[in-house]
Amino acid sequence: MVRTKSGIRLRRRYSHPVDKTTGVLADQTVVLESTASAKHYPAPLRRIRYHDAEHNLTLVFLTNNFDLPAITIALLYKARWRVELFFKWIKQHLRIKAFFGTSENAVKTQIWIAISIYVLVMIIKKRLCLDPTLYQILQVLSLSLFEKKPILRAFDELTSEEKYDPISKQLNLFSL
C-alpha cells in the first residue's frame, strides 16, 4: 500500500460502493495508464480516497489488496506511524543485532524472548529500586550469570563512579 503521487496517470475501470460516513470517499479499481508503468505492473490496482477528519486531510492510496474493506486499508495506513515507532523502539531497546533464523516463527520467537527479558529486567529494576540504567543492569547480570550470590550484592559492587559513568573503564585517548 502506498500513497499516490500527484502526477500518476490512472484509468478507472470500476467504482465500488462506499459508506461515506466512515471517511472513505471512493473505492475504485484502476490500471496504470502510461505504457512504461503498465509494462512494469500490468495488474489492476485499488485506489482508495479517504478523508481524515482528525487532521482535515484527504489521502489517496494505491494497493493490490482487494480482500480487505476500504476503511481497513485506510486505517492501516493511518496507523503506520505507530507501527514504525514500535519497530524503532524494538531496535533501540531490545538490541537485537541479528536474527538467528529467517522463518517467520524464528523471528517472532526471538522478538518475544527479547521483549520478555526486557520486561523481566524492568520488573527487577522497579522491585529492587535499582539506580543503574537498563544497560548497566544487563551488563551486571551477564557478568554474574553463573555466580552464586544474591542479586543485590552484584549491584552493590558497582562503585559510585561506575553507577554514573557507563564507560568509566574506558581508556582516555588523550591521557596517554
# chains A, B, ... in the order shown; residues from 1 in each chain; ligands from 1
>>> select_by_dssp(residues="stretch 39-74 of chain A", states="strand (DSSP E or B)", output="list in words")
Leu45, Arg46, Arg47, Ile48, Arg49, Tyr50, His51, Asp52, Leu57, Thr58, Leu59, Val60, Phe61, Leu62 and Thr63 of chain A
>>> residues_around(residues="stretch 79-87 of chain A", least_positions_apart="5", cutoff="12 Å", atoms="only C-alpha atoms", output="compact mmCIF listing (two decimals) with C-alpha atoms, in the first residue's frame")
# COMPACT_ATOMS: atom_id res chain seq x y z
CA MET A 1 0.00 0.00 0.00
CA VAL A 2 1.35 3.43 -0.97
CA ARG A 3 0.09 6.96 -1.22
CA ASP A 52 -9.08 12.07 7.70
CA THR A 72 -9.48 -1.12 6.97
CA ILE A 73 -6.84 -0.22 4.38
CA ALA A 74 -7.23 3.48 5.17
CA GLN A 92 16.62 0.89 20.43
CA HIS A 93 15.65 -1.16 23.48
CA LEU A 94 15.87 -4.83 22.62
CA ARG A 95 19.27 -4.64 20.97
CA ILE A 96 18.65 -7.46 18.53
CA ILE A 111 11.46 -10.86 19.36
CA ILE A 115 10.64 -8.47 24.95
>>> residues_around(residues="A:Leu32", least_positions_apart="2", cutoff="10 Å", atoms="only C-alpha atoms", output="number ranges by chain")
A: 8-12, 30, 34-45
>>> write_last_selection(atoms="C-alpha atoms", output="PDB file, in the first residue's frame")
ATOM      1  CA  ILE A   8       0.463   9.476 -11.615  1.00  0.00           C
ATOM      2  CA  ARG A   9      -1.804   8.618 -14.547  1.00  0.00           C
ATOM      3  CA  LEU A  10      -4.504   6.083 -13.752  1.00  0.00           C
ATOM      4  CA  ARG A  11      -7.576   4.906 -15.663  1.00  0.00           C
ATOM      5  CA  ARG A  12     -10.619   3.940 -13.612  1.00  0.00           C
ATOM      6  CA  VAL A  30      -7.766   1.261 -11.651  1.00  0.00           C
ATOM      7  CA  SER A  34       1.321   5.142 -19.097  1.00  0.00           C
ATOM      8  CA  THR A  35       2.807   2.328 -21.178  1.00  0.00           C
ATOM      9  CA  ALA A  36       6.054   2.154 -19.197  1.00  0.00           C
ATOM     10  CA  SER A  37       4.234   1.875 -15.867  1.00  0.00           C
ATOM     11  CA  ALA A  38       1.708  -0.599 -17.232  1.00  0.00           C
ATOM     12  CA  LYS A  39       4.554  -2.717 -18.614  1.00  0.00           C
ATOM     13  CA  HIS A  40       6.159  -2.938 -15.148  1.00  0.00           C
ATOM     14  CA  TYR A  41       2.846  -3.541 -13.336  1.00  0.00           C
ATOM     15  CA  PRO A  42       0.037  -4.633 -15.680  1.00  0.00           C
ATOM     16  CA  ALA A  43      -2.342  -5.911 -12.951  1.00  0.00           C
ATOM     17  CA  PRO A  44      -5.248  -3.770 -11.773  1.00  0.00           C
ATOM     18  CA  LEU A  45      -4.834  -1.766  -8.581  1.00  0.00           C
TER      19      LEU A  45
END
>>> closest_residue(among="A:Tyr50, A:Phe146, A:Tyr135, A:Tyr118", to="A:Asp19", atoms="only C-alpha atoms")
A:Tyr50
>>> atom_distance(atom1="atom CA of A:Trp89", atom2="atom CA of A:Leu134")
14.2 Å
>>> atom_distance(atom1="atom CA of A:Arg127", atom2="atom CA of A:Trp112")
22.3 Å
>>> atom_distance(atom1="atom CA of A:Ala154", atom2="atom CA of A:Ile137")
9.6 Å
